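Engineer: What follows is structure_20.cif, mmCIF, C-alpha atoms.
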```cif
data_upload
loop_
_atom_site.group_PDB
_atom_site.id
_atom_site.type_symbol
_atom_site.label_atom_id
_atom_site.label_comp_id
_atom_site.auth_asym_id
_atom_site.auth_seq_id
_atom_site.Cartn_x
_atom_site.Cartn_y
_atom_site.Cartn_z
ATOM 1 C CA MET K 147 -32.057 74.129 -31.849
ATOM 2 C CA SER K 148 -33.010 70.851 -30.285
ATOM 3 C CA ASP K 149 -30.756 67.832 -29.793
ATOM 4 C CA ALA K 150 -33.737 65.456 -30.102
ATOM 5 C CA ALA K 151 -33.380 62.840 -32.807
ATOM 6 C CA PRO K 152 -35.709 63.282 -35.767
ATOM 7 C CA PRO K 153 -38.833 61.121 -35.581
ATOM 8 C CA THR K 154 -38.389 57.771 -37.304
ATOM 9 C CA ARG K 155 -41.017 56.353 -39.645
ATOM 10 C CA ALA K 156 -42.451 53.016 -38.699
ATOM 11 C CA ARG K 157 -41.359 50.416 -41.233
ATOM 12 C CA ALA K 158 -43.941 48.090 -42.682
ATOM 13 C CA PRO K 159 -43.221 44.566 -41.450
ATOM 14 C CA ARG K 160 -41.383 42.541 -44.107
ATOM 15 C CA PRO K 161 -42.396 38.942 -44.591
ATOM 16 C CA ARG K 162 -39.777 36.624 -43.346
ATOM 17 C CA ARG K 163 -37.735 35.214 -46.151
ATOM 18 C CA ARG K 164 -37.880 31.761 -44.621
ATOM 19 C CA VAL K 165 -41.708 31.733 -44.592
ATOM 20 C CA VAL K 166 -41.802 32.756 -48.264
ATOM 21 C CA VAL K 167 -39.298 30.062 -49.246
ATOM 22 C CA VAL K 168 -41.237 27.394 -47.335
ATOM 23 C CA ALA K 169 -44.493 28.515 -48.987
ATOM 24 C CA LEU K 170 -42.935 28.355 -52.458
ATOM 25 C CA ILE K 171 -41.442 24.919 -51.839
ATOM 26 C CA SER K 172 -44.792 23.657 -50.522
ATOM 27 C CA ALA K 173 -46.611 24.939 -53.606
ATOM 28 C CA ALA K 174 -44.047 23.273 -55.898
ATOM 29 C CA VAL K 175 -44.384 19.952 -54.057
ATOM 30 C CA VAL K 176 -48.181 20.070 -54.318
ATOM 31 C CA ALA K 177 -48.033 20.897 -58.043
ATOM 32 C CA LEU K 178 -45.550 18.081 -58.654
ATOM 33 C CA GLY K 179 -47.738 15.644 -56.732
ATOM 34 C CA VAL K 180 -50.823 16.611 -58.730
ATOM 35 C CA GLY K 181 -48.887 16.226 -61.977
ATOM 36 C CA LEU K 182 -47.616 12.796 -61.024
ATOM 37 C CA PHE K 183 -51.041 11.644 -59.863
ATOM 38 C CA THR K 184 -52.823 12.700 -63.038
ATOM 39 C CA SER K 185 -50.192 11.153 -65.297
ATOM 40 C CA VAL K 186 -50.105 7.717 -63.670
ATOM 41 C CA GLY K 187 -50.355 5.149 -66.430
ATOM 42 C CA THR K 188 -49.422 7.485 -69.244
ATOM 43 C CA SER K 189 -47.644 5.352 -71.756
ATOM 44 C CA THR K 190 -45.744 8.080 -73.542
ATOM 45 C CA ALA K 191 -42.923 10.074 -72.003
ATOM 46 C CA GLY K 192 -43.698 13.126 -74.160
ATOM 47 C CA GLY K 193 -47.203 13.695 -72.812
ATOM 48 C CA PRO K 194 -50.615 12.282 -73.638
ATOM 49 C CA PRO K 195 -51.192 10.303 -76.842
ATOM 50 C CA ARG K 196 -51.586 12.284 -80.047
ATOM 51 C CA ALA K 197 -52.541 11.547 -83.652
ATOM 52 C CA GLY K 198 -49.585 9.917 -85.357
ATOM 53 C CA GLY K 199 -48.310 8.404 -82.105
ATOM 54 C CA MET K 200 -48.879 4.949 -80.691
ATOM 55 C CA ALA K 201 -52.075 4.222 -78.782
ATOM 56 C CA PRO K 202 -51.503 3.238 -75.157
ATOM 57 C CA SER K 203 -52.714 -0.104 -73.883
ATOM 58 C CA PHE K 204 -55.264 -0.386 -71.090
ATOM 59 C CA SER K 205 -57.632 -2.975 -69.664
ATOM 60 C CA LEU K 206 -60.882 -2.251 -67.814
ATOM 61 C CA ALA K 207 -63.580 -4.384 -66.240
ATOM 62 C CA GLY K 208 -66.491 -4.763 -68.649
ATOM 63 C CA LEU K 209 -69.767 -3.005 -67.900
ATOM 64 C CA ASN K 210 -71.922 -4.857 -70.428
ATOM 65 C CA VAL K 211 -69.665 -7.853 -71.102
ATOM 66 C CA ALA K 212 -68.044 -10.425 -68.825
ATOM 67 C CA SER K 213 -64.595 -9.955 -70.398
ATOM 68 C CA ARG K 214 -62.119 -7.115 -69.940
ATOM 69 C CA VAL K 215 -62.307 -4.160 -72.326
ATOM 70 C CA GLY K 216 -59.369 -2.204 -73.683
ATOM 71 C CA THR K 217 -56.571 -1.989 -76.179
ATOM 72 C CA PRO K 218 -53.908 -4.714 -76.120
ATOM 73 C CA ALA K 219 -50.218 -4.277 -75.394
ATOM 74 C CA SER K 220 -49.685 -3.777 -79.124
ATOM 75 C CA GLY K 221 -51.653 -0.540 -78.716
ATOM 76 C CA GLY K 222 -54.197 -1.395 -81.399
ATOM 77 C CA GLY K 223 -56.794 -4.037 -81.980
ATOM 78 C CA ASP K 224 -54.212 -6.840 -82.161
ATOM 79 C CA GLY K 225 -53.447 -5.978 -85.753
ATOM 80 C CA LYS K 226 -56.978 -4.784 -86.527
ATOM 81 C CA PRO K 227 -58.134 -1.161 -86.625
ATOM 82 C CA MET K 228 -60.365 -0.058 -83.782
ATOM 83 C CA VAL K 229 -62.389 2.880 -82.497
ATOM 84 C CA VAL K 230 -62.564 3.881 -78.822
ATOM 85 C CA PHE K 231 -65.484 6.041 -77.680
ATOM 86 C CA PHE K 232 -65.050 7.995 -74.432
ATOM 87 C CA MET K 233 -68.418 8.712 -72.826
ATOM 88 C CA GLY K 234 -70.352 8.967 -69.584
ATOM 89 C CA ASP K 235 -73.823 9.357 -68.135
ATOM 90 C CA TRP K 236 -72.795 12.673 -66.560
ATOM 91 C CA CYS K 237 -71.867 14.012 -70.018
ATOM 92 C CA THR K 238 -74.913 15.833 -71.413
ATOM 93 C CA ILE K 239 -73.556 15.786 -74.981
ATOM 94 C CA CYS K 240 -73.150 12.005 -74.763
ATOM 95 C CA HIS K 241 -76.900 11.543 -74.244
ATOM 96 C CA SER K 242 -77.541 12.939 -77.715
ATOM 97 C CA GLU K 243 -74.342 11.652 -79.371
ATOM 98 C CA ILE K 244 -74.091 8.010 -78.260
ATOM 99 C CA PRO K 245 -77.561 6.611 -79.160
ATOM 100 C CA PRO K 246 -77.255 7.396 -82.915
ATOM 101 C CA LEU K 247 -73.634 6.160 -82.944
ATOM 102 C CA ALA K 248 -74.668 2.940 -81.176
ATOM 103 C CA ALA K 249 -77.457 2.479 -83.732
ATOM 104 C CA LYS K 250 -74.982 3.052 -86.596
ATOM 105 C CA VAL K 251 -72.515 0.498 -85.167
ATOM 106 C CA LYS K 252 -75.366 -2.033 -84.844
ATOM 107 C CA GLU K 253 -76.545 -1.311 -88.401
ATOM 108 C CA LEU K 254 -73.042 -1.721 -89.853
ATOM 109 C CA ARG K 255 -72.597 -5.035 -88.057
ATOM 110 C CA SER K 256 -75.889 -6.351 -89.367
ATOM 111 C CA GLU K 257 -74.783 -5.569 -92.932
ATOM 112 C CA HIS K 258 -71.691 -7.809 -92.506
ATOM 113 C CA GLY K 259 -69.529 -5.422 -94.545
ATOM 114 C CA ALA K 260 -65.956 -4.333 -93.845
ATOM 115 C CA LEU K 261 -67.056 -1.489 -91.571
ATOM 116 C CA GLY K 262 -69.127 -3.896 -89.484
ATOM 117 C CA HIS K 263 -66.010 -5.933 -88.676
ATOM 118 C CA LEU K 264 -64.096 -2.946 -87.345
ATOM 119 C CA ALA K 265 -63.542 -3.215 -83.573
ATOM 120 C CA VAL K 266 -65.468 -0.634 -81.542
ATOM 121 C CA ILE K 267 -65.242 -0.275 -77.765
ATOM 122 C CA GLY K 268 -66.374 2.282 -75.224
ATOM 123 C CA VAL K 269 -64.818 3.771 -72.094
ATOM 124 C CA ASP K 270 -67.357 5.054 -69.572
ATOM 125 C CA SER K 271 -65.600 7.505 -67.263
ATOM 126 C CA GLU K 272 -66.514 9.097 -63.929
ATOM 127 C CA ASP K 273 -69.798 7.208 -63.484
ATOM 128 C CA SER K 274 -70.804 4.798 -60.773
ATOM 129 C CA ARG K 275 -71.213 1.287 -62.148
ATOM 130 C CA PRO K 276 -75.055 1.358 -61.918
ATOM 131 C CA ASP K 277 -75.232 4.785 -63.636
ATOM 132 C CA ALA K 278 -72.852 3.628 -66.382
ATOM 133 C CA GLN K 279 -74.814 0.426 -66.994
ATOM 134 C CA ALA K 280 -78.121 2.315 -67.104
ATOM 135 C CA PHE K 281 -76.645 4.815 -69.581
ATOM 136 C CA ILE K 282 -75.289 2.046 -71.812
ATOM 137 C CA GLN K 283 -78.628 0.253 -71.832
ATOM 138 C CA SER K 284 -80.737 3.374 -72.444
ATOM 139 C CA SER K 285 -78.403 4.430 -75.278
ATOM 140 C CA GLY K 286 -78.746 1.092 -77.080
ATOM 141 C CA VAL K 287 -75.017 0.372 -76.885
ATOM 142 C CA THR K 288 -74.120 -3.204 -77.897
ATOM 143 C CA PHE K 289 -70.347 -2.805 -78.314
ATOM 144 C CA PRO K 290 -68.183 -3.625 -75.248
ATOM 145 C CA VAL K 291 -67.775 -0.823 -72.722
ATOM 146 C CA GLY K 292 -65.156 -0.644 -69.960
ATOM 147 C CA ASP K 293 -65.606 0.797 -66.468
ATOM 148 C CA ASP K 294 -63.342 3.846 -66.012
ATOM 149 C CA SER K 295 -65.096 5.242 -62.930
ATOM 150 C CA THR K 296 -61.828 6.718 -61.608
ATOM 151 C CA ALA K 297 -61.072 8.367 -64.996
ATOM 152 C CA HIS K 298 -57.671 6.644 -64.969
ATOM 153 C CA VAL K 299 -57.853 6.011 -68.717
ATOM 154 C CA MET K 300 -59.637 9.238 -69.702
ATOM 155 C CA ASN K 301 -57.500 11.626 -67.602
ATOM 156 C CA GLY K 302 -54.419 9.673 -66.589
ATOM 157 C CA ILE K 303 -53.601 7.843 -69.809
ATOM 158 C CA TYR K 304 -55.205 9.950 -72.552
ATOM 159 C CA GLY K 305 -55.150 13.323 -70.788
ATOM 160 C CA PHE K 306 -58.729 14.143 -71.801
ATOM 161 C CA GLU K 307 -60.469 16.626 -69.516
ATOM 162 C CA GLY K 308 -63.968 15.422 -70.305
ATOM 163 C CA ASP K 309 -66.135 13.542 -72.748
ATOM 164 C CA PRO K 310 -66.937 12.891 -75.531
ATOM 165 C CA TYR K 311 -63.900 11.855 -77.539
ATOM 166 C CA ALA K 312 -63.413 9.218 -80.224
ATOM 167 C CA VAL K 313 -59.989 7.714 -80.932
ATOM 168 C CA PHE K 314 -59.412 5.979 -84.291
ATOM 169 C CA ILE K 315 -56.529 3.503 -84.069
ATOM 170 C CA GLU K 316 -54.866 1.775 -87.014
ATOM 171 C CA GLY K 317 -54.110 -1.950 -86.908
ATOM 172 C CA SER K 318 -50.448 -1.083 -86.364
ATOM 173 C CA GLY K 319 -51.393 0.650 -83.120
ATOM 174 C CA ARG K 320 -50.810 4.159 -84.492
ATOM 175 C CA ILE K 321 -53.511 6.741 -83.700
ATOM 176 C CA MET K 322 -54.963 7.965 -86.982
ATOM 177 C CA THR K 323 -57.016 10.731 -85.392
ATOM 178 C CA ILE K 324 -58.590 11.873 -82.136
ATOM 179 C CA HIS K 325 -62.017 13.432 -82.600
ATOM 180 C CA PRO K 326 -63.006 15.757 -79.724
ATOM 181 C CA GLY K 327 -66.630 16.662 -79.081
ATOM 182 C CA PRO K 328 -69.805 15.390 -80.709
ATOM 183 C CA LEU K 329 -69.411 12.933 -83.572
ATOM 184 C CA SER K 330 -72.200 12.439 -86.093
ATOM 185 C CA PRO K 331 -72.904 8.973 -87.550
ATOM 186 C CA SER K 332 -71.950 10.211 -91.035
ATOM 187 C CA ARG K 333 -68.616 11.589 -89.819
ATOM 188 C CA PHE K 334 -68.038 8.367 -87.870
ATOM 189 C CA VAL K 335 -68.535 6.300 -91.037
ATOM 190 C CA ALA K 336 -66.235 8.623 -93.044
ATOM 191 C CA LEU K 337 -63.483 8.250 -90.425
ATOM 192 C CA GLU K 338 -63.991 4.479 -90.325
ATOM 193 C CA ARG K 339 -63.530 4.316 -94.097
ATOM 194 C CA GLU K 340 -60.363 6.380 -93.795
ATOM 195 C CA LEU K 341 -59.161 4.094 -91.008
ATOM 196 C CA LEU K 342 -59.713 0.955 -93.072
ATOM 197 C CA ALA K 343 -57.833 2.535 -95.979
ATOM 198 C CA THR K 344 -54.666 3.082 -93.912
#
```
Here is the file; what I need is its structure written in the form of structure tokens.

Structural biologist:
Amino acid sequence: MSDAAPPTRARAPRPRRRVVVVALISAAVVALGVGLFTSVGTSTAGGPPRAGGMAPSFSLAGLNVASRVGTPASGGGDGKPMVVFFMGDWCTICHSEIPPLAAKVKELRSEHGALGHLAVIGVDSEDSRPDAQAFIQSSGVTFPVGDDSTAHVMNGIYGFEGDPYAVFIEGSGRIMTIHPGPLSPSRFVALERELLAT
């Protein structure tokens, strides 16, 4: 019988609790910072704007007009209904969606009917100014378009993760509907009629 102590098993090294806590705190700080950065300018405390809620105001430098482009502090078209198209040159869907919509807006305006008087603006996001202007021109867009190259309005205010989107805003400033994805001219006209009826 031997007095030698039984062999001990080597323990796997345990991560230091302090290192784990520091890593978790760092991750939380980074996540909080990202959340704050992406929500800068959001006008609603309960998250991004939704149908039935008030449209946020914003003002962007014009890409095809000398004036600023956006929605006023009232959140609508200063008492008039309006439509906001979110688009960009980088957006492949926009290259097929925007030209027919631009042609429909131009056609409605030339007819001088009620739909032709409805305010329509565009927000070009994540493009350089020259790319945005070239896209607007090649698409036949004649309605005012604002420069959102930093995606402050698209991501920060509206919380959209990409284009295209169309936001239909009542004269009261309430969002009637947000249409994600491609929008056909016929659907655009149907939503405009619904907007004017509100």

Engineer: Hey, can you check how far CA of Leu329 (chain K) sits from CA of Pro218 (chain K)?

Structural biologist: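 Separation of CA of Leu329 (chain K) and CA of Pro218 (chain K): 24.6 Å.
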
Engineer: Find, counting all atoms listed in the file, the residue in K:Gly268, K:Pro246, K:Pro328, K:Gly225 that gets nearest to Asp293 (chain K).

Structural biologist: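 The answer is K:Gly268, which sits nearest to Asp293 (chain K).
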
Engineer: Near Tyr304 (chain K), counting all atoms listed in the file, which residues have an atom at most 7 Å away, once you skip same-chain residues fewer than 4 positions from it, shown as an mmCIF file with C-alpha atoms, keeping the file's coordinate frame?

Structural biologist:
```cif
data_model
loop_
_atom_site.group_PDB
_atom_site.id
_atom_site.type_symbol
_atom_site.label_atom_id
_atom_site.label_comp_id
_atom_site.auth_asym_id
_atom_site.auth_seq_id
_atom_site.Cartn_x
_atom_site.Cartn_y
_atom_site.Cartn_z
ATOM 1 C CA PRO K 194 -50.615 12.282 -73.638
ATOM 2 C CA PRO K 195 -51.192 10.303 -76.842
ATOM 3 C CA VAL K 299 -57.853 6.011 -68.717
ATOM 4 C CA MET K 300 -59.637 9.238 -69.702
#
```

Engineer: When you look at region 305-310 of chain K with a cut-off of 8 Å (counting all atoms listed in the file), what residues show up, excluding the ones that are within fewer than 2 positions of it in the same chain? I need them as a ChimeraX atom specification.

Structural biologist: /K:185,194-195,231-234,237,239-240,300-303,312,326-328

Engineer: Give as a PyMOL selection string the residues that the PyMOL selection byres ((chain K and resi 342) around 8) matches when applied to the coordinates above.

Structural biologist: chain K and resi 227+261+316+338-341+343-344

Engineer: Would you mind reading off the distance between CA of Asp235 (chain K) and CA of Ala297 (chain K), one decimal, in Å?

Structural biologist: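 Going from CA of Asp235 (chain K) over to CA of Ala297 (chain K) covers 13.2 Å.
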
Engineer: Have a look at CA of Ala212 (chain K) and CA of Asp277 (chain K) and let me know their distance in Å, one decimal.

Structural biologist: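 Here the two named atoms are 17.6 Å from each other.
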
Engineer: Run the PyMOL selection byres ((chain K and resi 262) around 12) on the file and write out the hits as a ChimeraX atom specification.

Structural biologist: /K:227-229,249-261,263-266,289,335,338-339,342

Engineer: Which residue is closest to Ser274 (chain K)? Choose from K:Pro331, K:Ile321, K:His241, K:Trp236 and count all atoms listed in the file.

Structural biologist: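 Looking only at the distances to Ser274 (chain K), the closest residue turns out to be K:Trp236.
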
Engineer: Which residue gives the smallest distance to Arg320 (chain K) among K:Pro290, K:Pro245, K:Gly199, K:Pro276, with all atoms listed in the file counted?

Structural biologist: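 Of K:Pro290, K:Pro245, K:Gly199, K:Pro276, the one nearest Arg320 (chain K) is K:Gly199, counting all atoms listed in the file.
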
Engineer: Please write the residues picked by the PyMOL selection byres ((chain K and resi 214) around 12) on this file as an MDAnalysis selection string.

Structural biologist: chainID K and resid 204:213 215:218 267:269 290:294

Engineer: Let's have the selection written as an mmCIF file, in the coordinates of the input, with C-alpha atoms.

Structural biologist:
```cif
data_model
loop_
_atom_site.group_PDB
_atom_site.id
_atom_site.type_symbol
_atom_site.label_atom_id
_atom_site.label_comp_id
_atom_site.auth_asym_id
_atom_site.auth_seq_id
_atom_site.Cartn_x
_atom_site.Cartn_y
_atom_site.Cartn_z
ATOM 1 C CA PHE K 204 -55.264 -0.386 -71.090
ATOM 2 C CA SER K 205 -57.632 -2.975 -69.664
ATOM 3 C CA LEU K 206 -60.882 -2.251 -67.814
ATOM 4 C CA ALA K 207 -63.580 -4.384 -66.240
ATOM 5 C CA GLY K 208 -66.491 -4.763 -68.649
ATOM 6 C CA LEU K 209 -69.767 -3.005 -67.900
ATOM 7 C CA ASN K 210 -71.922 -4.857 -70.428
ATOM 8 C CA VAL K 211 -69.665 -7.853 -71.102
ATOM 9 C CA ALA K 212 -68.044 -10.425 -68.825
ATOM 10 C CA SER K 213 -64.595 -9.955 -70.398
ATOM 11 C CA VAL K 215 -62.307 -4.160 -72.326
ATOM 12 C CA GLY K 216 -59.369 -2.204 -73.683
ATOM 13 C CA THR K 217 -56.571 -1.989 -76.179
ATOM 14 C CA PRO K 218 -53.908 -4.714 -76.120
ATOM 15 C CA ILE K 267 -65.242 -0.275 -77.765
ATOM 16 C CA GLY K 268 -66.374 2.282 -75.224
ATOM 17 C CA VAL K 269 -64.818 3.771 -72.094
ATOM 18 C CA PRO K 290 -68.183 -3.625 -75.248
ATOM 19 C CA VAL K 291 -67.775 -0.823 -72.722
ATOM 20 C CA GLY K 292 -65.156 -0.644 -69.960
ATOM 21 C CA ASP K 293 -65.606 0.797 -66.468
ATOM 22 C CA ASP K 294 -63.342 3.846 -66.012
#
```
